[in-house]
Amino acid sequence: MKDPIIKFDKVTKRFGKVTVLDELDFEVGQGEKVTIIGPSGSGKSTVLRILMTLEKINGGVVYVGGDPLWHERRSGNKLVDAREPHLRRMREQMGMVFQQFNLFPHMSVLRNLTEAPRCVLGLSKQDATARAEELLEMVGLNEHADKFPGQLSGGQQQRVGIARALAMRPKIMLFDEPTSALDPELVGEVLNVIRSIGAKHDLTMLMVTHEMHFARQFSDRVCFFDKGKIKEQGTPEEIFTAPKEERTREFLHAVLNPDE
């Protein structure tokens, strides 16, 4: 693996008495495309929400680009809880695409893409618009720039969501079940956009998905999570063709053969 851009070092996350991540050790290399699979409640989406600073950790350290995410270094290299300015600066390195599209319903598609680059990055209206138009062209929606989210299909809204995340020029793209809220016939158009982004951009991409066939085609590495830990990981060929762990085999059989 290349030098890790993401590193979880003995990270624990609890919700009440339930431990969702159990001293998790996990790394993602620069430019690597990693897919996390596993049963519901295994901690998959929690990993992404921690990276976006939406969920605070209870133990361990998360590093992004070599810097601690939830901590700041003080004199003597001591780690203390991070303050909001540090979290905001770290968060800017990442873009996230959620299960629900989370677009601003009262803003046009174009403004959904330009608002954050102008307010957060300080781009001029002209530069933000040029960037937005380029991204809408990339996701095949340039003719819908003046529409509102409610006028688009679910697949189109999710493609806008992807473009909006890319508008911030992140180093890392996080995808949390990006097709789970879509009708089956719309899944392909979103996965094709994600596939295209992966081919054209040297982005680190971390995805949680139940789309096993896509995970097999898209990923450099697949990680199977179970009960807050990585039970098994390897290349798509290793995981999908010859998994070593019985729990991995049980899960894959269940999701790939749902009618049995």
# chains A, B, ... in the order shown; residues from 1 in each chain; ligands from 1
>>> residues_around(residues="range 67-73 of chain A", least_positions_apart="3", cutoff="9 Å", atoms="only C-alpha atoms", output="list of chain:residue names")
A:Ile50, A:Leu51, A:Thr53, A:Lys56, A:Ile57, A:Val61, A:Val62, A:Tyr63, A:Val64, A:Gly76, A:Asn77, A:Lys78, A:Leu79, A:Val80, A:Asp81, A:Ala82, A:Arg83, A:His86, A:Leu87, A:Met90, A:Arg91
>>> select_by_dssp(residues="range 26-257 of chain A", states="strand (DSSP E)", output="VMD selection string")
chain A and resid 26 to 29 33 to 37 59 to 64 67 to 68 71 to 74 78 to 81 94 to 97 172 to 176 204 to 208 221 to 226 229 to 234
>>> write_last_selection(atoms="N, CA and C atoms", output="compact mmCIF listing (two decimals), in the first residue's frame")
# COMPACT_ATOMS: atom_id res chain seq x y z
N PHE A 26 -7.29 0.42 10.58
CA PHE A 26 -7.75 0.47 9.19
C PHE A 26 -6.99 1.55 8.46
N GLU A 27 -6.48 1.25 7.28
CA GLU A 27 -5.74 2.23 6.50
C GLU A 27 -6.24 2.25 5.06
N VAL A 28 -6.16 3.42 4.43
CA VAL A 28 -6.46 3.59 3.01
C VAL A 28 -5.32 4.37 2.40
N GLY A 29 -4.73 3.84 1.34
CA GLY A 29 -3.60 4.50 0.70
C GLY A 29 -4.01 5.64 -0.21
N LYS A 33 -8.85 2.86 -4.03
CA LYS A 33 -10.30 2.74 -4.07
C LYS A 33 -10.69 1.53 -3.24
N VAL A 34 -11.29 1.81 -2.09
CA VAL A 34 -11.60 0.76 -1.12
C VAL A 34 -13.10 0.70 -0.91
N THR A 35 -13.64 -0.51 -0.92
CA THR A 35 -15.05 -0.72 -0.63
C THR A 35 -15.20 -1.48 0.67
N ILE A 36 -16.10 -1.00 1.50
CA ILE A 36 -16.42 -1.67 2.76
C ILE A 36 -17.76 -2.38 2.60
N ILE A 37 -17.77 -3.67 2.88
CA ILE A 37 -19.01 -4.44 2.83
C ILE A 37 -19.21 -5.09 4.20
N GLY A 59 -12.36 6.50 21.49
CA GLY A 59 -11.00 6.07 21.81
C GLY A 59 -10.19 5.89 20.55
N GLY A 60 -8.87 5.93 20.69
CA GLY A 60 -7.99 5.79 19.54
C GLY A 60 -7.76 7.12 18.85
N VAL A 61 -7.10 7.07 17.69
CA VAL A 61 -6.79 8.26 16.91
C VAL A 61 -7.07 7.99 15.44
N VAL A 62 -7.69 8.96 14.77
CA VAL A 62 -7.89 8.91 13.32
C VAL A 62 -6.94 9.93 12.69
N TYR A 63 -6.22 9.51 11.66
CA TYR A 63 -5.32 10.41 10.94
C TYR A 63 -5.83 10.58 9.50
N VAL A 64 -5.78 11.81 9.01
CA VAL A 64 -6.08 12.11 7.62
C VAL A 64 -4.93 12.94 7.07
N ASP A 67 -2.23 13.96 9.64
CA ASP A 67 -2.60 14.79 10.79
C ASP A 67 -3.76 14.15 11.54
N PRO A 68 -3.77 14.25 12.87
CA PRO A 68 -4.90 13.71 13.62
C PRO A 68 -6.17 14.48 13.28
N HIS A 71 -8.13 15.18 17.00
CA HIS A 71 -7.21 15.71 18.00
C HIS A 71 -6.33 16.80 17.38
N GLU A 72 -5.75 17.60 18.24
CA GLU A 72 -4.73 18.56 17.83
C GLU A 72 -3.46 18.30 18.63
N ARG A 73 -2.32 18.58 18.00
CA ARG A 73 -1.05 18.41 18.71
C ARG A 73 -0.73 19.69 19.49
N ARG A 74 -0.39 19.50 20.75
CA ARG A 74 0.04 20.62 21.60
C ARG A 74 1.53 20.46 21.91
N LYS A 78 1.75 16.38 22.40
CA LYS A 78 0.62 15.80 23.11
C LYS A 78 -0.67 16.00 22.31
N LEU A 79 -1.51 14.96 22.26
CA LEU A 79 -2.77 15.05 21.54
C LEU A 79 -3.89 15.45 22.49
N VAL A 80 -4.61 16.50 22.12
CA VAL A 80 -5.77 16.95 22.89
C VAL A 80 -6.97 17.03 21.96
N ASP A 81 -8.16 17.08 22.53
CA ASP A 81 -9.37 17.15 21.72
C ASP A 81 -9.33 18.36 20.79
N MET A 94 -12.28 16.36 2.48
CA MET A 94 -13.15 15.24 2.15
C MET A 94 -14.49 15.70 1.60
N GLY A 95 -14.99 14.93 0.65
CA GLY A 95 -16.34 15.13 0.15
C GLY A 95 -17.13 13.86 0.37
N MET A 96 -18.41 14.01 0.73
CA MET A 96 -19.22 12.84 1.04
C MET A 96 -20.52 12.85 0.25
N VAL A 97 -20.87 11.68 -0.25
CA VAL A 97 -22.14 11.47 -0.93
C VAL A 97 -22.97 10.54 -0.05
N ILE A 172 -10.27 13.27 -0.83
CA ILE A 172 -10.90 11.99 -0.48
C ILE A 172 -12.39 12.09 -0.76
N MET A 173 -12.94 11.08 -1.45
CA MET A 173 -14.38 11.00 -1.67
C MET A 173 -14.94 9.82 -0.90
N LEU A 174 -15.99 10.10 -0.13
CA LEU A 174 -16.66 9.09 0.68
C LEU A 174 -18.06 8.86 0.13
N PHE A 175 -18.42 7.62 -0.05
CA PHE A 175 -19.75 7.27 -0.59
C PHE A 175 -20.43 6.33 0.40
N ASP A 176 -21.55 6.78 0.97
CA ASP A 176 -22.29 5.98 1.94
C ASP A 176 -23.56 5.43 1.29
N THR A 204 -8.64 9.51 -3.71
CA THR A 204 -8.85 8.40 -2.79
C THR A 204 -10.36 8.24 -2.64
N MET A 205 -10.86 7.02 -2.81
CA MET A 205 -12.30 6.80 -2.77
C MET A 205 -12.61 5.66 -1.80
N LEU A 206 -13.49 5.95 -0.85
CA LEU A 206 -13.90 4.97 0.15
C LEU A 206 -15.41 4.85 0.09
N MET A 207 -15.88 3.63 -0.18
CA MET A 207 -17.31 3.42 -0.42
C MET A 207 -17.87 2.32 0.46
N VAL A 208 -19.06 2.59 1.01
CA VAL A 208 -19.87 1.57 1.66
C VAL A 208 -21.01 1.25 0.71
N ARG A 221 -9.37 -2.72 -3.27
CA ARG A 221 -9.39 -3.58 -2.08
C ARG A 221 -10.80 -3.59 -1.51
N VAL A 222 -11.21 -4.73 -1.00
CA VAL A 222 -12.52 -4.89 -0.37
C VAL A 222 -12.29 -5.31 1.08
N CYS A 223 -12.98 -4.63 2.00
CA CYS A 223 -12.88 -4.95 3.43
C CYS A 223 -14.24 -5.43 3.92
N PHE A 224 -14.25 -6.60 4.52
CA PHE A 224 -15.48 -7.15 5.09
C PHE A 224 -15.50 -6.84 6.58
N PHE A 225 -16.48 -6.02 6.99
CA PHE A 225 -16.63 -5.64 8.39
C PHE A 225 -17.66 -6.55 9.06
N ASP A 226 -17.38 -6.90 10.32
CA ASP A 226 -18.34 -7.64 11.12
C ASP A 226 -18.09 -7.32 12.58
N LYS A 229 -15.18 -4.74 13.51
CA LYS A 229 -13.80 -5.04 13.14
C LYS A 229 -13.73 -5.47 11.69
N ILE A 230 -12.53 -5.39 11.10
CA ILE A 230 -12.32 -5.95 9.77
C ILE A 230 -12.10 -7.45 9.93
N LYS A 231 -13.06 -8.21 9.46
CA LYS A 231 -12.96 -9.67 9.56
C LYS A 231 -12.03 -10.23 8.50
N GLU A 232 -12.07 -9.60 7.31
CA GLU A 232 -11.24 -10.07 6.20
C GLU A 232 -11.11 -8.95 5.19
N GLN A 233 -9.95 -8.87 4.52
CA GLN A 233 -9.77 -7.90 3.46
C GLN A 233 -8.82 -8.47 2.42
N GLY A 234 -8.96 -7.94 1.21
CA GLY A 234 -8.09 -8.40 0.12
C GLY A 234 -8.54 -7.80 -1.19
>>> atom_distance(atom1="CA of Gly154 in chain A", atom2="CA of Pro178 in chain A")
10.8 Å
>>> closest_residue(among="A:Glu55, A:Asp146, A:Glu133, A:Asp202", to="Val109 in chain A", atoms="only C-alpha atoms")
A:Asp146
>>> closest_residue(among="A:Val187, A:Ala215, A:Ala181, A:Ala242", to="Asn102 in chain A", atoms="only C-alpha atoms")
A:Ala181
>>> residues_around(residues="Leu24 in chain A", least_positions_apart="2", cutoff="6 Å", atoms="only C-alpha atoms", output="list in words")
Lys10, Val11, Asp22 and Lys229 of chain A
>>> write_last_selection(atoms="N, CA, C and O atoms", output="PDB file, in the first residue's frame")
ATOM      1  N   LYS A  10      -6.580   1.944  16.446  1.00  0.00           N
ATOM      2  CA  LYS A  10      -7.279   1.459  17.649  1.00  0.00           C
ATOM      3  C   LYS A  10      -8.502   2.325  17.972  1.00  0.00           C
ATOM      4  O   LYS A  10      -8.732   2.718  19.129  1.00  0.00           O
ATOM      5  N   VAL A  11      -9.305   2.599  16.958  1.00  0.00           N
ATOM      6  CA  VAL A  11     -10.447   3.513  17.123  1.00  0.00           C
ATOM      7  C   VAL A  11     -11.662   2.765  17.667  1.00  0.00           C
ATOM      8  O   VAL A  11     -12.063   1.721  17.137  1.00  0.00           O
ATOM      9  N   ASP A  22     -14.676  -1.483  17.328  1.00  0.00           N
ATOM     10  CA  ASP A  22     -13.978  -2.091  18.462  1.00  0.00           C
ATOM     11  C   ASP A  22     -12.471  -2.072  18.232  1.00  0.00           C
ATOM     12  O   ASP A  22     -11.912  -2.983  17.621  1.00  0.00           O
ATOM     13  N   LYS A 229     -15.179  -4.735  13.513  1.00  0.00           N
ATOM     14  CA  LYS A 229     -13.795  -5.040  13.144  1.00  0.00           C
ATOM     15  C   LYS A 229     -13.733  -5.474  11.689  1.00  0.00           C
ATOM     16  O   LYS A 229     -14.743  -5.866  11.095  1.00  0.00           O
TER      17      LYS A 229
END
>>> select_by_dssp(residues="range 60-235 of chain A", states="alpha helix (DSSP H)", output="PyMOL selection string")
chain A and resi 84-91+109-119+125-138+154-166+184-200+212-218
>>> atom_distance(atom1="CA of Leu48 in chain A", atom2="CA of Phe8 in chain A")
11.4 Å
>>> atom_distance(atom1="CA of Gln157 in chain A", atom2="CA of Leu252 in chain A")
29.9 Å
>>> residues_around(residues="Leu203 in chain A", least_positions_apart="4", cutoff="9 Å", atoms="only C-alpha atoms", output="number ranges by chain")
A: 30-33, 170-173, 197-198
>>> write_last_selection(atoms="N, CA, C and O atoms", output="PDB file, in the first residue's frame")
ATOM      1  N   GLN A  30      -3.067   6.542  -0.456  1.00  0.00           N
ATOM      2  CA  GLN A  30      -3.300   7.662  -1.378  1.00  0.00           C
ATOM      3  C   GLN A  30      -3.739   7.120  -2.738  1.00  0.00           C
ATOM      4  O   GLN A  30      -3.085   6.274  -3.330  1.00  0.00           O
ATOM      5  N   GLY A  31      -4.886   7.582  -3.233  1.00  0.00           N
ATOM      6  CA  GLY A  31      -5.382   7.177  -4.535  1.00  0.00           C
ATOM      7  C   GLY A  31      -6.031   5.809  -4.577  1.00  0.00           C
ATOM      8  O   GLY A  31      -6.494   5.370  -5.635  1.00  0.00           O
ATOM      9  N   GLU A  32      -6.125   5.142  -3.435  1.00  0.00           N
ATOM     10  CA  GLU A  32      -6.701   3.796  -3.401  1.00  0.00           C
ATOM     11  C   GLU A  32      -8.227   3.869  -3.425  1.00  0.00           C
ATOM     12  O   GLU A  32      -8.833   4.805  -2.905  1.00  0.00           O
ATOM     13  N   LYS A  33      -8.845   2.859  -4.032  1.00  0.00           N
ATOM     14  CA  LYS A  33     -10.300   2.739  -4.075  1.00  0.00           C
ATOM     15  C   LYS A  33     -10.691   1.527  -3.236  1.00  0.00           C
ATOM     16  O   LYS A  33     -10.441   0.386  -3.626  1.00  0.00           O
ATOM     17  N   PRO A 170     -12.093  17.917  -3.135  1.00  0.00           N
ATOM     18  CA  PRO A 170     -11.569  17.119  -2.025  1.00  0.00           C
ATOM     19  C   PRO A 170     -10.446  16.197  -2.485  1.00  0.00           C
ATOM     20  O   PRO A 170     -10.325  15.873  -3.672  1.00  0.00           O
ATOM     21  N   LYS A 171      -9.643  15.765  -1.525  1.00  0.00           N
ATOM     22  CA  LYS A 171      -8.630  14.742  -1.793  1.00  0.00           C
ATOM     23  C   LYS A 171      -9.217  13.346  -1.631  1.00  0.00           C
ATOM     24  O   LYS A 171      -8.703  12.374  -2.183  1.00  0.00           O
ATOM     25  N   ILE A 172     -10.275  13.266  -0.827  1.00  0.00           N
ATOM     26  CA  ILE A 172     -10.896  11.990  -0.485  1.00  0.00           C
ATOM     27  C   ILE A 172     -12.389  12.091  -0.759  1.00  0.00           C
ATOM     28  O   ILE A 172     -13.037  13.053  -0.346  1.00  0.00           O
ATOM     29  N   MET A 173     -12.937  11.079  -1.452  1.00  0.00           N
ATOM     30  CA  MET A 173     -14.380  11.003  -1.673  1.00  0.00           C
ATOM     31  C   MET A 173     -14.940   9.822  -0.895  1.00  0.00           C
ATOM     32  O   MET A 173     -14.439   8.706  -0.987  1.00  0.00           O
ATOM     33  N   ILE A 197     -15.543   8.809 -12.454  1.00  0.00           N
ATOM     34  CA  ILE A 197     -14.717   9.629 -11.571  1.00  0.00           C
ATOM     35  C   ILE A 197     -13.461   8.871 -11.165  1.00  0.00           C
ATOM     36  O   ILE A 197     -12.352   9.407 -11.170  1.00  0.00           O
ATOM     37  N   GLY A 198     -13.633   7.607 -10.833  1.00  0.00           N
ATOM     38  CA  GLY A 198     -12.500   6.792 -10.424  1.00  0.00           C
ATOM     39  C   GLY A 198     -11.466   6.637 -11.518  1.00  0.00           C
ATOM     40  O   GLY A 198     -10.257   6.579 -11.259  1.00  0.00           O
TER      41      GLY A 198
END
>>> closest_residue(among="A:Glu185, A:Thr235, A:Ser108, A:Val47", to="Lys13 in chain A", atoms="only C-alpha atoms")
A:Val47
>>> residues_around(residues="Val18 in chain A", least_positions_apart="6", cutoff="12 Å", atoms="only C-alpha atoms", output="PyMOL selection string")
chain A and resi 12+41-43+58+227-228
>>> write_last_selection(atoms="N, CA and C atoms", output="PDB file, in the first residue's frame")
ATOM      1  N   THR A  12     -12.239   3.314  18.710  1.00  0.00           N
ATOM      2  CA  THR A  12     -13.452   2.768  19.311  1.00  0.00           C
ATOM      3  C   THR A  12     -14.569   3.800  19.198  1.00  0.00           C
ATOM      4  N   GLY A  41     -25.195  -2.812  10.875  1.00  0.00           N
ATOM      5  CA  GLY A  41     -24.725  -2.712  12.239  1.00  0.00           C
ATOM      6  C   GLY A  41     -23.282  -3.097  12.450  1.00  0.00           C
ATOM      7  N   SER A  42     -22.563  -3.345  11.367  1.00  0.00           N
ATOM      8  CA  SER A  42     -21.161  -3.784  11.504  1.00  0.00           C
ATOM      9  C   SER A  42     -20.189  -2.611  11.633  1.00  0.00           C
ATOM     10  N   GLY A  43     -20.698  -1.376  11.501  1.00  0.00           N
ATOM     11  CA  GLY A  43     -19.842  -0.205  11.666  1.00  0.00           C
ATOM     12  C   GLY A  43     -19.396   0.445  10.372  1.00  0.00           C
ATOM     13  N   ASN A  58     -14.699   7.526  20.603  1.00  0.00           N
ATOM     14  CA  ASN A  58     -14.563   7.351  22.046  1.00  0.00           C
ATOM     15  C   ASN A  58     -13.159   6.919  22.460  1.00  0.00           C
ATOM     16  N   LYS A 227     -19.138  -6.865  13.267  1.00  0.00           N
ATOM     17  CA  LYS A 227     -19.069  -6.553  14.691  1.00  0.00           C
ATOM     18  C   LYS A 227     -17.953  -5.563  15.021  1.00  0.00           C
ATOM     19  N   GLY A 228     -17.838  -4.532  14.193  1.00  0.00           N
ATOM     20  CA  GLY A 228     -16.934  -3.433  14.502  1.00  0.00           C
ATOM     21  C   GLY A 228     -15.478  -3.671  14.203  1.00  0.00           C
TER      22      GLY A 228
END
>>> closest_residue(among="A:Arg88, A:Glu23, A:Ile162, A:His253", to="Leu54 in chain A", atoms="only C-alpha atoms")
A:Arg88
>>> residues_around(residues="Pro105 in chain A", least_positions_apart="5", cutoff="7 Å", atoms="only C-alpha atoms", output="PyMOL selection string")
chain A and resi 148-150
